[in-house]
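S.K.: Structure supplied as final.cif; contents: mmCIF, C-alpha atoms.
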```cif
data_query
#
loop_
_atom_site.label_atom_id
_atom_site.label_comp_id
_atom_site.auth_asym_id
_atom_site.auth_seq_id
_atom_site.Cartn_x
_atom_site.Cartn_y
_atom_site.Cartn_z
CA MET Z 4 -13.87 69.43 78.88
CA ILE Z 5 -12.96 72.82 80.33
CA ALA Z 6 -16.28 74.17 79.12
CA PHE Z 7 -18.06 71.25 80.82
CA TYR Z 8 -16.42 71.92 84.17
CA ALA Z 9 -16.97 75.67 83.97
CA LEU Z 10 -20.64 75.14 83.20
CA ALA Z 11 -20.93 72.49 85.90
CA ILE Z 12 -19.51 74.91 88.47
CA VAL Z 13 -22.01 77.56 87.39
CA LEU Z 14 -24.85 75.05 87.59
CA ILE Z 15 -23.97 73.77 91.07
CA ALA Z 16 -23.14 77.20 92.48
CA SER Z 17 -26.38 78.71 91.26
CA ALA Z 18 -28.34 75.74 92.63
CA ILE Z 19 -26.74 76.21 96.06
CA PHE Z 20 -27.39 79.95 95.83
CA THR Z 21 -31.06 79.27 95.06
CA VAL Z 22 -31.52 76.97 98.03
CA THR Z 23 -29.65 79.05 100.60
CA GLN Z 24 -30.98 82.54 99.96
CA LYS Z 25 -33.17 84.21 102.55
CA SER Z 26 -35.31 86.19 100.18
CA PRO Z 27 -37.26 84.30 97.47
CA VAL Z 28 -36.47 87.04 94.96
CA TYR Z 29 -32.76 86.27 95.17
CA SER Z 30 -33.63 82.61 94.81
CA VAL Z 31 -35.44 83.39 91.58
CA VAL Z 32 -32.33 85.12 90.24
CA GLY Z 33 -30.20 82.10 91.17
CA LEU Z 34 -32.70 79.81 89.49
CA LEU Z 35 -32.54 81.94 86.35
CA VAL Z 36 -28.76 81.50 86.16
CA ASN Z 37 -29.25 77.77 86.77
CA PHE Z 38 -31.77 77.43 83.94
CA ILE Z 39 -29.58 79.31 81.48
CA ALA Z 40 -26.57 77.15 82.34
CA LEU Z 41 -28.79 74.11 81.84
CA ALA Z 42 -29.94 75.42 78.45
CA THR Z 43 -26.27 75.76 77.51
CA PHE Z 44 -25.78 72.12 78.47
CA TYR Z 45 -28.69 71.20 76.21
CA PHE Z 46 -27.12 73.05 73.32
CA ARG Z 47 -23.84 71.27 73.96
CA LEU Z 48 -25.71 67.95 73.91
CA ASN Z 49 -27.22 68.63 70.45
CA ALA Z 50 -30.69 69.29 71.89
CA GLU Z 51 -31.29 72.62 70.21
CA PHE Z 52 -35.04 72.62 70.46
CA LEU Z 53 -34.99 71.73 74.15
CA GLY Z 54 -32.47 74.48 74.88
CA VAL Z 55 -34.76 77.05 73.34
CA ILE Z 56 -37.78 75.61 75.13
CA GLN Z 57 -35.86 75.67 78.41
CA ILE Z 58 -35.19 79.39 78.08
CA LEU Z 59 -38.69 80.18 76.81
CA VAL Z 60 -40.78 78.12 79.20
CA TYR Z 61 -38.67 78.12 82.34
CA SER Z 62 -36.89 81.45 82.31
CA GLY Z 63 -39.68 83.23 80.51
CA ALA Z 64 -42.87 81.81 81.94
CA ILE Z 65 -42.35 79.86 85.16
CA LEU Z 66 -39.92 82.30 86.77
CA MET Z 67 -42.19 85.19 85.88
CA LEU Z 68 -45.00 83.31 87.63
CA PHE Z 69 -42.82 83.02 90.74
CA VAL Z 70 -41.93 86.71 90.63
CA PHE Z 71 -45.55 87.74 90.29
CA VAL Z 72 -46.65 85.52 93.15
CA ILE Z 73 -43.90 86.91 95.37
CA ALA Z 74 -44.90 90.44 94.44
CA LEU Z 75 -48.61 89.80 95.05
CA LEU Z 76 -48.16 87.98 98.35
CA THR Z 77 -45.73 90.43 99.88
CA SER Z 78 -47.25 93.65 98.60
CA GLY Z 79 -49.46 94.36 101.59
CA ILE Z 80 -47.31 93.02 104.41
CA GLY Z 81 -43.74 93.20 105.53
CA PRO Z 82 -40.89 91.44 103.82
CA PHE Z 83 -41.27 87.75 103.28
CA THR Z 84 -37.95 87.01 104.93
CA GLU Z 85 -39.07 87.21 108.54
CA GLY Z 86 -39.49 83.99 110.41
CA PRO Z 87 -39.12 80.99 108.17
CA ASN Z 88 -35.39 80.92 107.73
CA LYS Z 89 -34.23 79.23 110.88
CA LEU Z 90 -33.29 75.64 110.31
CA PRO Z 91 -36.07 73.35 111.52
CA ARG Z 92 -35.52 71.00 114.39
CA ILE Z 93 -35.38 68.05 112.06
CA ALA Z 94 -32.43 69.56 110.20
CA LEU Z 95 -29.78 67.12 111.37
CA PRO Z 96 -31.74 63.86 110.90
CA ALA Z 97 -33.08 65.15 107.59
CA PHE Z 98 -29.57 65.97 106.44
CA LEU Z 99 -28.31 62.52 107.47
CA THR Z 100 -31.18 60.84 105.65
CA MET Z 101 -30.41 62.86 102.56
CA LEU Z 102 -26.77 61.89 102.77
CA VAL Z 103 -27.75 58.22 102.95
CA GLY Z 104 -30.01 58.67 99.94
CA PHE Z 105 -27.23 60.37 98.03
CA GLY Z 106 -24.92 57.51 99.01
CA PHE Z 107 -27.36 54.98 97.57
CA LEU Z 108 -27.62 56.96 94.36
CA ALA Z 109 -23.84 57.34 94.05
CA PHE Z 110 -23.39 53.63 94.74
CA GLY Z 111 -25.92 52.80 92.07
CA ILE Z 112 -24.27 55.06 89.52
CA LEU Z 113 -20.76 53.86 90.28
CA HIS Z 114 -21.70 50.20 90.08
CA THR Z 115 -23.74 50.39 86.92
CA PRO Z 116 -21.94 50.27 83.61
CA LEU Z 117 -23.15 53.37 81.84
CA LEU Z 118 -23.40 52.37 78.23
CA PRO Z 119 -22.08 53.81 76.03
CA ALA Z 120 -19.31 55.16 78.23
CA ALA Z 121 -18.26 57.91 75.86
CA MET Z 122 -20.42 60.10 73.66
CA PRO Z 123 -20.15 59.22 69.98
CA ALA Z 124 -18.36 61.92 68.05
CA HIS Z 125 -19.94 64.23 65.55
CA VAL Z 126 -20.02 62.30 62.31
CA ALA Z 127 -21.66 63.71 59.26
CA THR Z 128 -22.63 60.27 58.00
CA SER Z 129 -24.79 59.38 60.99
CA THR Z 130 -27.84 61.31 62.07
CA LEU Z 131 -25.57 63.54 64.13
CA GLY Z 132 -24.55 66.68 62.36
CA ASP Z 133 -23.80 70.35 62.65
CA ALA Z 134 -25.98 72.31 65.00
CA GLY Z 135 -28.52 74.38 63.16
CA ALA Z 136 -28.73 72.11 60.15
CA ALA Z 137 -32.14 70.69 59.37
CA THR Z 138 -33.10 67.08 60.16
CA VAL Z 139 -30.01 66.28 62.20
CA PHE Z 140 -30.38 64.76 65.65
CA GLY Z 141 -32.03 67.15 68.09
CA SER Z 142 -32.96 69.82 65.59
CA VAL Z 143 -36.46 71.26 65.45
CA GLY Z 144 -37.29 69.16 62.40
CA ASP Z 145 -36.08 65.95 63.96
CA PHE Z 146 -37.94 66.68 67.18
CA GLY Z 147 -41.12 67.68 65.39
CA VAL Z 148 -41.21 64.59 63.22
CA ALA Z 149 -40.79 62.38 66.28
CA LEU Z 150 -43.37 64.35 68.24
CA PHE Z 151 -46.08 64.08 65.62
CA THR Z 152 -45.48 60.55 64.41
CA THR Z 153 -44.05 57.97 66.77
CA GLN Z 154 -44.61 59.96 69.98
CA LEU Z 155 -48.06 61.31 69.28
CA LEU Z 156 -49.66 59.88 72.42
CA PRO Z 157 -47.29 61.71 74.84
CA PHE Z 158 -48.03 64.88 72.92
CA GLU Z 159 -51.77 64.45 73.44
CA VAL Z 160 -51.20 63.67 77.11
CA THR Z 161 -49.25 66.93 77.35
CA ALA Z 162 -52.26 68.87 76.11
CA PHE Z 163 -54.48 67.13 78.64
CA ILE Z 164 -52.06 67.91 81.50
CA LEU Z 165 -52.04 71.59 80.59
CA MET Z 166 -55.84 71.68 80.52
CA VAL Z 167 -56.02 70.03 83.94
CA ALA Z 168 -53.54 72.59 85.26
CA VAL Z 169 -55.57 75.52 83.95
CA VAL Z 170 -58.83 74.19 85.41
CA GLY Z 171 -57.10 73.36 88.70
CA VAL Z 172 -55.60 76.80 89.11
CA VAL Z 173 -58.91 78.48 88.44
CA VAL Z 174 -60.68 76.23 90.93
CA ILE Z 175 -58.06 76.63 93.65
CA ALA Z 176 -57.19 80.30 93.43
CA GLY Z 177 -59.79 81.85 91.17
CA ASP Z 178 -62.01 84.73 92.04
CA ALA Z 179 -65.40 84.41 93.65
CA PRO Z 180 -68.29 84.48 91.18
CA PRO Z 181 -69.24 88.03 90.27
CA GLN Z 182 -71.72 89.49 92.71
CA LYS Z 183 -74.57 91.76 91.82
CA THR Z 184 -73.26 95.20 92.52
CA LYS Z 185 -74.83 98.28 91.09
CA GLY Z 186 -71.88 100.11 89.72
CA HIS Z 187 -69.84 100.17 92.91
CA HIS Z 188 -68.02 97.61 94.98
CA GLU Z 189 -68.99 96.68 98.46
CA PRO Z 190 -66.86 98.09 101.24
CA VAL Z 191 -64.06 95.73 102.13
CA GLY Z 192 -64.03 94.33 105.60
CA ARG Z 193 -67.54 93.17 106.36
CA ARG Z 194 -68.30 89.97 104.58
CA ARG Z 195 -71.73 88.81 103.62
CA ARG Z 196 -72.85 85.39 104.70
CA GLY Z 197 -72.96 83.92 101.22
CA ALA Z 198 -69.68 85.26 99.91
CA ARG Z 199 -66.99 83.12 101.45
CA ARG Z 200 -64.14 83.76 99.11
CA GLU Z 201 -62.55 87.10 98.48
CA PRO Z 202 -61.25 88.15 95.10
CA ILE Z 203 -57.49 88.12 94.72
CA LEU Z 204 -57.11 91.73 93.77
CA LYS Z 205 -59.08 94.11 95.90
CA ALA Z 206 -59.26 97.77 95.08
CA ARG Z 207 -57.36 99.82 97.62
CA LYS Z 208 -59.47 102.26 99.55
CA MET T 10 -16.53 65.83 74.95
CA ALA T 11 -17.44 64.88 78.45
CA ASP T 12 -18.43 61.30 79.15
CA ILE T 13 -21.90 60.23 80.14
CA ALA T 14 -20.69 59.56 83.70
CA ASN T 15 -19.81 63.24 84.16
CA TYR T 16 -23.31 64.26 83.19
CA VAL T 17 -24.95 61.68 85.46
CA ALA T 18 -22.79 62.75 88.40
CA LEU T 19 -23.62 66.40 87.80
CA SER T 20 -27.30 65.55 87.56
CA ALA T 21 -27.20 63.62 90.84
CA LEU T 22 -25.47 66.52 92.62
CA VAL T 23 -28.00 69.10 91.44
CA PHE T 24 -30.84 66.73 92.29
CA PHE T 25 -29.65 66.41 95.87
CA ILE T 26 -29.19 70.16 96.22
CA GLY T 27 -32.88 70.31 95.31
CA VAL T 28 -33.72 67.61 97.85
CA ALA T 29 -31.88 69.62 100.50
CA GLY T 30 -33.96 72.64 99.62
CA VAL T 31 -37.23 70.73 99.89
CA VAL T 32 -36.35 69.09 103.20
CA LEU T 33 -34.55 71.90 104.98
CA ARG T 34 -36.23 75.09 103.82
CA ARG T 35 -39.58 76.20 105.16
CA ASN T 36 -40.47 79.01 102.82
CA PRO T 37 -43.11 77.54 100.49
CA LEU T 38 -41.84 79.46 97.45
CA ILE T 39 -38.28 78.22 97.89
CA VAL T 40 -39.59 74.68 98.35
CA LEU T 41 -41.35 74.97 94.99
CA MET T 42 -38.18 76.31 93.37
CA SER T 43 -36.22 73.36 94.78
CA ILE T 44 -38.72 71.01 93.15
CA GLU T 45 -38.04 72.74 89.84
CA LEU T 46 -34.33 72.20 90.47
CA MET T 47 -34.88 68.46 90.95
CA LEU T 48 -36.97 68.14 87.79
CA ASN T 49 -34.28 69.95 85.83
CA ALA T 50 -31.56 67.66 87.16
CA ALA T 51 -33.54 64.68 85.89
CA ASN T 52 -33.95 66.43 82.54
CA LEU T 53 -30.19 66.86 82.24
CA ALA T 54 -29.63 63.14 82.72
CA LEU T 55 -32.31 62.35 80.14
CA VAL T 56 -30.81 64.68 77.55
CA ALA T 57 -27.32 63.31 78.18
CA PHE T 58 -28.45 59.70 77.69
CA SER T 59 -30.45 60.72 74.65
CA ARG T 60 -27.33 62.26 73.12
CA ALA T 61 -25.23 59.23 74.03
CA TRP T 62 -27.57 56.86 72.22
CA VAL T 63 -28.43 59.31 69.43
CA ASN T 64 -32.09 58.58 70.06
CA ASN T 65 -34.56 61.40 70.47
CA ALA T 66 -37.09 59.58 72.62
CA GLY T 67 -35.37 61.21 75.60
CA HIS T 68 -36.06 64.62 74.13
CA ILE T 69 -39.78 63.82 73.99
CA PHE T 70 -39.58 62.69 77.60
CA VAL T 71 -37.94 65.98 78.61
CA PHE T 72 -40.66 67.85 76.75
CA LEU T 73 -43.27 66.00 78.79
CA VAL T 74 -41.39 66.68 82.03
CA ILE T 75 -41.19 70.39 81.22
CA THR T 76 -44.95 70.45 80.70
CA VAL T 77 -45.56 68.65 83.98
CA ALA T 78 -43.20 71.06 85.73
CA ALA T 79 -45.09 74.04 84.36
CA ALA T 80 -48.41 72.57 85.51
CA GLU T 81 -46.93 71.72 88.89
CA ALA T 82 -45.54 75.23 89.38
CA ALA T 83 -48.87 76.80 88.45
CA ILE T 84 -50.90 74.59 90.78
CA GLY T 85 -48.34 74.81 93.59
CA LEU T 86 -48.34 78.58 93.44
CA ALA T 87 -52.13 78.58 93.34
CA ILE T 88 -52.18 76.50 96.52
CA VAL T 89 -49.71 78.90 98.13
CA VAL T 90 -51.88 81.86 97.19
CA ALA T 91 -55.04 80.18 98.45
CA ALA T 92 -53.43 79.16 101.75
CA PHE T 93 -51.85 82.57 102.15
CA ARG T 94 -55.23 84.23 101.75
CA LYS T 95 -56.70 82.06 104.50
CA ALA T 96 -53.88 82.51 106.99
CA ARG T 97 -50.93 84.78 106.46
CA PHE T 98 -48.34 82.07 106.79
CA VAL T 99 -44.73 82.29 105.72
CA ASP T 100 -43.80 78.81 106.89
CA VAL T 101 -44.85 75.45 105.50
CA ASP T 102 -44.79 73.95 109.00
CA GLU T 103 -47.62 76.25 110.05
CA VAL T 104 -50.00 74.68 107.55
CA ALA T 105 -50.70 71.63 109.66
CA SER T 106 -54.46 71.45 109.68
CA LEU T 107 -56.46 69.32 107.30
CA ARG T 108 -59.72 70.94 108.24
CA GLY T 109 -61.08 73.30 105.66
#
```
As structure tokens, how would this structure be written, given the file I've shared?
M.R.:
Amino acid sequence: MIAFYALAIVLIASAIFTVTQKSPVYSVVGLLVNFIALATFYFRLNAEFLGVIQILVYSGAILMLFVFVIALLTSGIGPFTEGPNKLPRIALPAFLTMLVGFGFLAFGILHTPLLPAAMPAHVATSTLGDAGAATVFGSVGDFGVALFTTQLLPFEVTAFILMVAVVGVVVIAGDAPPQKTKGHHEPVGRRRRGARREPILKARK
Amino acid sequence: MADIANYVALSALVFFIGVAGVVLRRNPLIVLMSIELMLNAANLALVAFSRAWVNNAGHIFVFLVITVAAAEAAIGLAIVVAAFRKARFVDVDEVASLRG
């Protein structure tokens, strides 16, 4: 129980840190702490595979994507912190609306019997078992068997989603088609009529 | 062992911290990070219920949500990059035009 509350404090504090920071880089660091605390929760809840995936995919891939985008966007101009950090004019009504929404959610949670109220204990006779053992609940074997047998359709949908994401990113932010240049690039600044989109990475003069 | 109610309450709190970030912040990158925060709060509730029922369908669901979150982050950041190339904005309120 003490471990739960300590982890919960870390999770909430890092979430607040993420949302309130001025610079997006500090937000990324807060989000990293948040994801690692969440992975610890997954391990505590017998979801070993998901804990590892959380650290690999979120902390390893998605946060790196954020860091690279911040670095690319802010490399040529001043710091990203100027301007956007005043509270918008809608702050108060938005906050009140959020509070009402949170009230609805809390009401719903408090008035719904959450079954089962308590987590079943670790029993060796059920599918629950020691973490790290094969074929217990939440282990890689258990997850893999479910993923490739009963839950095969979601797995295929996952592959399709990733393909759509790759195609979408290339369409939205990809480079312009390669132009016919004879060994040197055109000078930056004057654009030809046909070439509407600039490449992301331009060589510095 | 903490009860399921503790996990659901924690999940709701983190979710609404994410909602606050989306509604109140105007930096597009921090808005995207707040969306990640909300998705992760939902994942925590799913894993907790999955553990409570000793049923790993929730784990598959979380796997799917993580994939969707990765796709969403990639496309969101691509949109930010594309919009930033067009006009050097640092504020989501400045992107108010639907004309290409």
S.K.: For Z:Leu53, which residue among T:Val77, T:Ile88, T:Leu46, T:Leu55 is the nearest when counting only C-alpha atoms?
M.R.: T:Leu55
S.K.: Going by the chain IDs and residue numbers used in this file, which residues fall under the PyMOL selection byres ((chain T and resi 37) around 8)? Write them as a list in words.
M.R.: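 Given this file, the PyMOL selection byres ((chain T and resi 37) around 8) evaluates to Arg35, Asn36, Leu38, Ile39, Val40, Leu41, Val89, Val99, Asp100 and Val101 of chain T.
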S.K.: Fewer than 5 positions away in the same chain doesn't count, so skip those; otherwise give me all residues within 9 Å of stretch 36-52 of chain Z, counting all atoms listed in the file, as a PyMOL selection string.
M.R.: (chain Z and resi 7+10-11+13-18+21+31+57-58+61-62+131-135+140-143+146) or (chain T and resi 46+49-50+53+56-57+59-61+65+68)
S.K.: For each of T:Ala92, T:Ala87, T:Met42, T:Ala14, take the minimum atom-to-atom distance to Z:Gly177, counting all atoms listed in the file, then give the residue where this is smallest.
M.R.: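 Of T:Ala92, T:Ala87, T:Met42, T:Ala14, the one nearest Z:Gly177 is T:Ala87, counting all atoms listed in the file.
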S.K.: For the point (-41.3, 64.0, 66.7) in file coordinates, what residues are within 12 Å, counting only C-alpha atoms? Give the answer as number ranges by chain?
M.R.: Z: 52, 138, 140-158; T: 64-70, 72
S.K.: Write the selection just made, keeping C-alpha atoms, as a compact mmCIF listing (two decimals), keeping the file's coordinate frame?
M.R.:
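Contents of selection-v9.txt, as written:
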```
# COMPACT_ATOMS: atom_id res chain seq x y z
CA PHE Z 52 -35.04 72.62 70.46
CA THR Z 138 -33.10 67.08 60.16
CA PHE Z 140 -30.38 64.76 65.65
CA GLY Z 141 -32.03 67.15 68.09
CA SER Z 142 -32.96 69.82 65.59
CA VAL Z 143 -36.46 71.26 65.45
CA GLY Z 144 -37.29 69.16 62.40
CA ASP Z 145 -36.08 65.95 63.96
CA PHE Z 146 -37.94 66.68 67.18
CA GLY Z 147 -41.12 67.68 65.39
CA VAL Z 148 -41.21 64.59 63.22
CA ALA Z 149 -40.79 62.38 66.28
CA LEU Z 150 -43.37 64.35 68.24
CA PHE Z 151 -46.08 64.08 65.62
CA THR Z 152 -45.48 60.55 64.41
CA THR Z 153 -44.05 57.97 66.77
CA GLN Z 154 -44.61 59.96 69.98
CA LEU Z 155 -48.06 61.31 69.28
CA LEU Z 156 -49.66 59.88 72.42
CA PRO Z 157 -47.29 61.71 74.84
CA PHE Z 158 -48.03 64.88 72.92
CA ASN T 64 -32.09 58.58 70.06
CA ASN T 65 -34.56 61.40 70.47
CA ALA T 66 -37.09 59.58 72.62
CA GLY T 67 -35.37 61.21 75.60
CA HIS T 68 -36.06 64.62 74.13
CA ILE T 69 -39.78 63.82 73.99
CA PHE T 70 -39.58 62.69 77.60
CA PHE T 72 -40.66 67.85 76.75
```
S.K.: Residues near Z:Thr23, anyone? I mean within 9 Å using all atoms listed in the file, not counting same-chain ones fewer than 6 positions away, as a tab-separated table (two decimals) with C-alpha atoms, in the coordinates of the input.
M.R.:
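What landed in part.tsv:
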```tsv
chain	number	residue	atom	x	y	z
Z	30	SER	CA	-33.63	82.61	94.81
T	30	GLY	CA	-33.96	72.64	99.62
T	34	ARG	CA	-36.23	75.09	103.82
```
S.K.: Give me, please, the distance in Å between atom CA of T:Ala11 and atom CA of Z:Gly54, quoted to one decimal.
M.R.: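 Distance between the two atoms: 18.2 Å.
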S.K.: Could you name the residues that touch stretch 91-101 of chain Z at 8 Å or less, counting only C-alpha atoms, but leaving out those on the same chain fewer than 6 positions away, as a list in words?
M.R.: Phe25, Val28, Ala29, Val32, Leu33, Arg34 and Arg35 of chain T
S.K.: Please produce a file of the residues just selected, as an mmCIF file, in the coordinates of the input, where the atoms kept are C-alpha atoms.
M.R.:
```cif
data_model
loop_
_atom_site.group_PDB
_atom_site.id
_atom_site.type_symbol
_atom_site.label_atom_id
_atom_site.label_comp_id
_atom_site.auth_asym_id
_atom_site.auth_seq_id
_atom_site.Cartn_x
_atom_site.Cartn_y
_atom_site.Cartn_z
ATOM 1 C CA PHE T 25 -29.650 66.410 95.870
ATOM 2 C CA VAL T 28 -33.720 67.610 97.850
ATOM 3 C CA ALA T 29 -31.880 69.620 100.500
ATOM 4 C CA VAL T 32 -36.350 69.090 103.200
ATOM 5 C CA LEU T 33 -34.550 71.900 104.980
ATOM 6 C CA ARG T 34 -36.230 75.090 103.820
ATOM 7 C CA ARG T 35 -39.580 76.200 105.160
#
```
S.K.: Enter the distance from atom CA of T:Ala18 to atom CA of Z:Val22, in Å, rounded to one decimal.
M.R.: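 A separation of 19.3 Å between them.
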S.K.: Distance atom CA of Z:Leu75-atom CA of Z:Ile56, one decimal place?
M.R.: 26.7 Å
S.K.: Using all atoms listed in the file and a cutoff of 10 Å, can you tell me which residues are near (-26.2, 57.8, 92.0) in the file's coordinates, and write them out as a list in words?
M.R.: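 Here is the list of nearby residues: Gly104, Phe105, Gly106, Phe107, Leu108, Ala109, Phe110, Gly111, Ile112, Leu113, His114 and Thr115 of chain Z; Val17, Ala18, Leu19, Ser20, Ala21 and Leu22 of chain T.
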S.K.: How would you write, as a PyMOL selection string, the residues chosen by the PyMOL selection byres ((chain Z and resi 67) around 12) on this structure?
M.R.: (chain Z and resi 28+31-32+34-35+58-66+68-74) or (chain T and resi 79+82-83+86)
S.K.: Find, counting only C-alpha atoms, the residue in T:Tyr16, T:Ala91, T:Met47, T:Val74 that gets nearest to chain Z.
M.R.: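 Going through T:Tyr16, T:Ala91, T:Met47, T:Val74 one by one, the smallest distance to chain Z is for T:Ala91.
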S.K.: On this file, the PyMOL selection byres ((chain Z and resi 161-171) around 8) gives some set of residues; write that set as number ranges by chain.
M.R.: Z: 157-160, 172-175; T: 73, 76-77, 80-81, 83-84
S.K.: Taking into account all atoms listed in the file, which residue in the set Z:Val139, Z:Val103, Z:Val55, Z:Ile19 is nearest to chain T?
M.R.: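 Between Z:Val139, Z:Val103, Z:Val55, Z:Ile19, the residue approaching chain T most closely is Z:Ile19.
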